[in-house]
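Undergrad: Pasting a structure here, questions to come.
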Amino acid sequence: MKLRTLCENDASGMLEWMHDSAVNQYFRAPFAQMTIENALSFIQGGRMLLPVIMPSAMTRMSIREPSA
């Protein structure tokens, strides 16, 4: 598995799982309410969207690249 830094092109894919109730039912954060602007802000800032819920989680996120 290869990891890479998130880029702006990943925002729509992030929203796909954020708005999937089967996925986000396990998270405390209200991901279903996130917008494309929230996802882009997260990617650009490399920090949590909801610092009130998880104030200590301030790290850059990575995803894996598709298999060749």
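Just so we're on the same page: first chain in the structure tokens is A, next is B, and so on; residues restart at 1 for each chain, and ligands are numbered from 1 in the order they show up.
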Excluding Cys7 in chain A and its own-chain neighbours fewer than 5 positions away, which residues fall within 9 Å of it when counting only C-alpha atoms? Please give them as a PyMOL selection string.

TA: chain A and resi 40+43-44

Undergrad: For Met18 in chain A, work out the shell of residues within 10 Å, counting only C-alpha atoms and skipping chain neighbours fewer than 4 positions away, then give it as a PyMOL selection string.

TA: chain A and resi 12-14+22-25+27+29-35+39

Undergrad: Choose the residue, out of A:Gly45, A:Tyr26, A:Ser21, A:Ile36, that has the smallest atom-to-atom separation from Thr5 in chain A; count only C-alpha atoms.

TA: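 Smallest distance to Thr5 in chain A is found for A:Gly45.
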